[in-house]
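One file, structure_16.cif, carrying mmCIF, C-alpha atoms:
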```
data_start
#
loop_
_atom_site.label_atom_id
_atom_site.label_comp_id
_atom_site.auth_asym_id
_atom_site.auth_seq_id
_atom_site.Cartn_x
_atom_site.Cartn_y
_atom_site.Cartn_z
CA MET A 5 0.00 0.00 0.00
CA ASN A 6 1.83 3.10 -1.20
CA GLY A 7 -0.91 5.68 -0.75
CA VAL A 8 -3.14 6.46 2.18
CA ARG A 9 -6.53 6.32 0.53
CA THR A 10 -7.87 2.85 0.06
CA THR A 11 -10.66 1.52 -2.11
CA THR A 12 -12.78 1.35 1.03
CA GLY A 13 -12.27 5.03 1.90
CA GLY A 14 -9.77 5.05 4.79
CA ILE A 15 -7.72 8.18 5.37
CA LEU A 16 -4.57 8.90 7.35
CA ILE A 17 -4.35 12.20 9.24
CA ALA A 18 -0.99 13.21 10.73
CA VAL A 19 -0.94 15.50 13.76
CA GLU A 20 2.54 16.91 14.28
CA GLY A 21 4.00 18.85 17.21
CA ILE A 22 6.16 18.69 20.30
CA ASP A 23 3.48 19.03 23.00
CA ALA A 24 2.01 15.55 23.57
CA ASP A 25 -1.09 16.83 25.37
CA ALA A 26 -1.89 19.32 22.60
CA ILE A 27 -1.26 16.66 19.92
CA LEU A 28 -3.66 14.24 21.61
CA LYS A 29 -6.32 16.95 21.95
CA ALA A 30 -5.95 17.84 18.25
CA ALA A 31 -6.10 14.14 17.33
CA ARG A 32 -9.38 13.75 19.21
CA THR A 33 -10.73 16.87 17.50
CA ALA A 34 -9.75 15.46 14.09
CA LEU A 35 -11.84 12.36 14.82
CA GLU A 36 -14.94 14.19 16.07
CA SER A 37 -16.41 14.64 12.60
CA ARG A 38 -15.47 11.13 11.44
CA ALA A 39 -17.88 8.23 11.77
CA ARG A 40 -15.22 5.56 12.25
CA GLY A 41 -11.66 6.02 13.35
CA GLY A 42 -8.95 5.84 15.94
CA ILE A 43 -5.68 7.35 17.14
CA SER A 44 -2.27 5.76 16.70
CA ARG A 45 0.10 7.19 19.32
CA TRP A 46 3.88 7.10 19.39
CA ASP A 47 5.41 4.29 21.44
CA ALA A 48 2.65 1.84 20.65
CA SER A 49 5.35 -0.85 20.56
CA GLY A 50 6.62 0.00 24.07
CA VAL A 51 10.23 0.44 22.97
CA PHE A 52 10.46 3.88 24.58
CA GLN A 53 8.90 2.56 27.79
CA ASP A 54 11.71 0.02 27.87
CA LEU A 55 14.26 2.78 27.31
CA ALA A 56 12.72 4.88 30.09
CA VAL A 57 13.34 2.15 32.67
CA ALA A 58 16.80 1.24 31.38
CA GLU A 59 19.57 1.54 33.93
CA SER A 60 22.15 4.33 33.58
CA GLU A 61 24.65 1.70 32.41
CA ALA A 62 22.69 1.59 29.14
CA GLY A 63 24.26 4.96 28.35
CA THR A 64 22.96 8.11 26.71
CA PRO A 65 21.28 7.45 23.35
CA SER A 66 22.32 9.46 20.32
CA PRO A 67 19.79 11.30 18.14
CA ARG A 68 20.26 8.62 15.45
CA THR A 69 19.51 5.85 17.94
CA LEU A 70 16.36 7.61 19.14
CA LEU A 71 15.19 8.17 15.55
CA LEU A 72 15.89 4.56 14.60
CA LEU A 73 13.78 3.50 17.58
CA TYR A 74 11.04 5.93 16.50
CA ALA A 75 11.12 4.50 12.97
CA ALA A 76 10.86 0.96 14.39
CA ASP A 77 7.90 2.04 16.52
CA LEU A 78 6.26 3.70 13.50
CA ALA A 79 6.75 0.51 11.46
CA PHE A 80 4.99 -1.36 14.29
CA ARG A 81 2.15 1.18 14.29
CA LEU A 82 1.78 0.93 10.51
CA ARG A 83 1.74 -2.87 10.60
CA TRP A 84 -0.63 -3.37 13.52
CA GLN A 85 -2.72 -0.21 13.77
CA ILE A 86 -2.67 2.15 10.81
CA ARG A 87 -2.76 -0.03 7.68
CA PRO A 88 -5.37 -2.52 8.96
CA ALA A 89 -7.70 0.35 9.93
CA LEU A 90 -7.20 2.10 6.59
CA LEU A 91 -8.01 -1.12 4.75
CA GLU A 92 -11.26 -1.31 6.74
CA GLY A 93 -12.13 2.19 5.50
CA ARG A 94 -11.50 3.85 8.85
CA THR A 95 -9.84 7.19 9.61
CA VAL A 96 -6.56 6.95 11.50
CA VAL A 97 -4.93 9.90 13.23
CA ALA A 98 -1.20 9.36 13.74
CA ALA A 99 -0.13 11.42 16.74
CA PRO A 100 2.62 12.26 15.89
CA TYR A 101 3.76 10.90 12.54
CA THR A 102 6.97 11.57 10.58
CA GLU A 103 7.41 15.35 10.56
CA THR A 104 7.83 15.60 14.33
CA ALA A 105 10.64 13.05 14.30
CA MET A 106 12.26 14.70 11.29
CA ALA A 107 12.12 18.11 12.99
CA PHE A 108 13.83 16.61 16.03
CA GLY A 109 16.50 15.09 13.78
CA ARG A 110 17.13 18.38 11.96
CA ALA A 111 17.34 20.19 15.32
CA ALA A 112 19.92 17.62 16.45
CA GLY A 113 21.98 18.29 13.30
CA LEU A 114 21.28 15.12 11.32
CA PRO A 115 21.36 15.28 7.52
CA VAL A 116 17.99 15.82 5.84
CA ALA A 117 18.82 13.10 3.28
CA TRP A 118 19.36 10.55 6.08
CA LEU A 119 16.07 11.54 7.74
CA THR A 120 14.14 11.42 4.46
CA ASN A 121 15.53 7.98 3.69
CA LEU A 122 14.73 6.73 7.20
CA PHE A 123 11.03 7.53 6.86
CA ARG A 124 10.66 6.62 3.19
CA PHE A 125 8.63 3.53 4.15
CA ALA A 126 5.81 5.60 5.67
CA PRO A 127 2.85 6.42 3.41
CA HIS A 128 2.03 10.08 2.91
CA PRO A 129 -0.91 11.24 5.00
CA GLY A 130 -4.06 12.49 3.35
CA GLU A 131 -4.11 15.41 5.75
CA ARG A 132 -1.47 16.98 7.98
CA ARG A 133 -2.06 19.23 10.99
CA PHE A 134 0.62 21.08 12.93
CA ILE A 135 0.16 21.96 16.58
CA HIS A 136 2.55 24.63 17.81
CA ALA A 137 3.31 25.07 21.48
CA PRO A 138 3.66 28.64 22.70
CA ARG A 139 7.35 29.57 22.71
CA GLN A 140 7.45 30.06 26.49
CA ARG A 141 5.89 26.58 27.01
CA ALA A 142 8.04 24.72 24.50
CA SER A 143 11.11 24.47 26.70
CA GLU A 144 9.04 23.05 29.57
CA ILE A 145 7.82 20.06 27.57
CA THR A 146 8.91 16.73 28.99
CA ASP A 147 6.40 14.37 27.41
CA GLY A 148 5.94 13.10 23.87
CA PHE A 149 8.72 12.01 21.55
CA VAL A 150 10.65 15.29 21.49
CA GLY A 151 10.51 15.90 25.24
CA PHE A 152 11.39 12.29 26.02
CA SER A 153 14.28 12.30 23.55
CA CYS A 154 15.69 15.59 24.80
CA ASP A 155 15.57 14.33 28.38
CA ARG A 156 17.44 11.15 27.44
CA MET A 157 20.09 12.96 25.40
CA THR A 158 20.76 15.79 27.83
CA GLY A 159 20.30 14.00 31.15
CA GLY A 160 17.09 15.82 32.05
CA ASN A 161 17.65 18.80 34.31
CA ARG A 162 21.45 18.57 34.35
CA TYR A 163 21.79 20.39 31.03
CA LYS A 164 18.79 22.73 30.92
CA ARG A 165 20.32 25.11 28.37
CA GLN A 166 21.17 22.33 25.89
CA ARG A 167 17.75 20.75 26.36
CA ARG A 168 15.96 24.07 25.82
CA ARG A 169 17.99 24.80 22.66
CA LEU A 170 17.14 21.38 21.21
CA ILE A 171 13.41 21.66 21.97
CA ASP A 172 13.23 25.24 20.70
CA SER A 173 15.04 24.19 17.51
CA ALA A 174 12.66 21.25 16.95
CA ALA A 175 9.66 23.56 17.46
CA ALA A 176 11.13 26.06 14.98
CA GLU A 177 11.72 23.26 12.44
CA LEU A 178 8.07 22.23 12.73
CA ARG A 179 6.93 25.83 12.21
CA ARG A 180 9.07 26.03 9.04
CA THR A 181 7.70 22.73 7.77
CA ASP A 182 4.15 23.89 8.44
CA LYS A 183 4.72 27.14 6.52
CA SER A 184 6.37 25.29 3.66
CA SER A 185 3.58 22.71 3.38
CA ALA A 186 0.91 25.43 3.63
CA ALA A 187 2.45 27.19 0.65
CA ARG A 188 2.18 23.97 -1.39
CA ARG A 189 -1.46 23.20 -0.47
CA PRO A 190 -4.15 24.32 -2.89
CA ALA A 191 -5.98 27.44 -1.70
CA ALA A 192 -9.24 25.55 -1.17
CA ARG A 193 -7.59 23.08 1.25
CA ARG A 194 -5.55 25.55 3.32
CA ARG A 195 -6.29 25.85 7.00
CA THR A 196 -7.50 29.16 8.34
#
```
Now, as a test, write the supplied structure out as structure tokens.
Amino acid sequence: MNGVRTTTGGILIAVEGIDADAILKAARTALESRARGGISRWDASGVFQDLAVAESEAGTPSPRTLLLLYAADLAFRLRWQIRPALLEGRTVVAAPYTETAMAFGRAAGLPVAWLTNLFRFAPHPGERRFIHAPRQRASEITDGFVGFSCDRMTGGNRYKRQRRRLIDSAAAELRRTDKSSAARRPAARRRT
């Protein structure tokens, strides 16, 4: 399945952002007008839960490691949640999907070509929504993929400045992606 629309009418909606609570709220809102659907959340596979309880001897993960784990989790979500629901004609909201992880990778300094190749397996969503945290709130975020990853890479509160820079950069990357994708959308489909 290369596309997101199926012969039975399923559609994939991506909700992107760094604030997990706001993403979940937007995902629920996206489903309100849909008759049949569900939300696919990051860490459905539990790989990040395992990382959260890992002993300090496991070491500090690199951005590449965290993104490889995210891609593995997304492959799990696609296999067990997203594609089966789409084939049944249901709406699936991926919260978040690929752009959030790519923004984190760009903020961490990883090459865009590497990131693009990493997520090449993921079908393009039929609709994409960006949820932007207020700038003063962004650096306080500790949940969701970006907050979790920043905490693991920077040791939580030990390196507040580095953590804040990384989160602020990821948020800025998502704002740029949102502006860029809005410019490419046809006028009739643009959000207001």
Notebook entry, point to check: If you apply the PyMOL selection byres ((chain A and resi 88) around 12) to this file, what residues do you get, as a ChimeraX atom specification?
Noted result: /A:5,8,10,12,14-16,41-42,44,80-87,89-96
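Between Ser60 of chain A and the residues A:Arg40, A:Arg45, A:Arg179, A:Arg156, the shortest atom-to-atom distance, using only C-alpha atoms, involves A:Arg156.
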For segment 111-187 of chain A against segment 52-56 of chain A, with a cut-off of 12 Å and counting only C-alpha atoms, what is the closest atom pair and its distance in Å to one decimal for every residue that makes the cut, ordered by chain and number, as JSON lines?
```
{"residue": "A:Asp147", "atom": "CA", "partner": "A:Phe52", "partner_atom": "CA", "distance": 11.6}
{"residue": "A:Gly148", "atom": "CA", "partner": "A:Phe52", "partner_atom": "CA", "distance": 10.3}
{"residue": "A:Phe149", "atom": "CA", "partner": "A:Phe52", "partner_atom": "CA", "distance": 8.8}
{"residue": "A:Val150", "atom": "CA", "partner": "A:Phe52", "partner_atom": "CA", "distance": 11.8}
{"residue": "A:Phe152", "atom": "CA", "partner": "A:Ala56", "partner_atom": "CA", "distance": 8.6}
{"residue": "A:Ser153", "atom": "CA", "partner": "A:Phe52", "partner_atom": "CA", "distance": 9.3}
{"residue": "A:Asp155", "atom": "CA", "partner": "A:Ala56", "partner_atom": "CA", "distance": 10.0}
{"residue": "A:Arg156", "atom": "CA", "partner": "A:Ala56", "partner_atom": "CA", "distance": 8.3}
{"residue": "A:Met157", "atom": "CA", "partner": "A:Leu55", "partner_atom": "CA", "distance": 11.9}
{"residue": "A:Gly159", "atom": "CA", "partner": "A:Ala56", "partner_atom": "CA", "distance": 11.9}
{"residue": "A:Gly160", "atom": "CA", "partner": "A:Ala56", "partner_atom": "CA", "distance": 11.9}
```
Check: Smallest atom-to-atom distance to Arg68 of chain A: which of A:Ala112, A:Ile171, A:Ser49, A:Val19, using only C-alpha atoms?
Finding: A:Ala112
Item checked: Matched chain/residue IDs from the PyMOL selection byres ((chain A and resi 104) around 12), as a VMD selection string -> chain A and resid 18 to 24 27 46 71 74 to 75 98 to 103 105 to 111 119 123 132 to 136 148 to 151 153 171 173 to 182
Notebook entry, point to check: Which residue gives the smallest distance to Arg139 of chain A among A:Asp172, A:Ala30, A:Gln166, A:Ala117, with all atoms listed in the file counted?
Noted result: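 Of the candidates, the smallest distance to Arg139 of chain A is held by A:Asp172.
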Next item on the list: Could you please determine the separation between atom CA of Leu170 of chain A and atom CA of Leu72 of chain A in Å, to one decimal place?
Entry: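 Computing it gives 18.1 Å between the two atoms.
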Next item on the list: Grab the atom CA of Glu131 of chain A to atom CA of Ala31 of chain A distance for me, in Å with one decimal place.
Entry: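 Those two atoms sit 11.8 Å apart.
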Next item on the list: Would you mind telling me which residue in A:Ala39, A:Ala34, A:Leu73, A:Ala26 lies nearest to Gly13 of chain A when using all atoms listed in the file?
Entry: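 Of A:Ala39, A:Ala34, A:Leu73, A:Ala26, the one nearest Gly13 of chain A is A:Ala39, counting all atoms listed in the file.
Residue nearest Gly50 of chain A, chosen from A:Ser37, A:Gly63, A:Pro138, A:Ala76 and counting all atoms listed in the file: A:Ala76.
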Next item on the list: Have a look at atom CA of Cys154 of chain A and atom CA of Arg169 of chain A and let me know their distance in Å, one decimal.
Entry: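 Computing the Euclidean distance for atom CA of Cys154 of chain A and atom CA of Arg169 of chain A yields 9.7 Å.
Among A:Arg188, A:Val97, A:Ser66, A:Ala79, the residue with the shortest atom-to-atom distance to Leu35 of chain A, counting only C-alpha atoms, is A:Val97.
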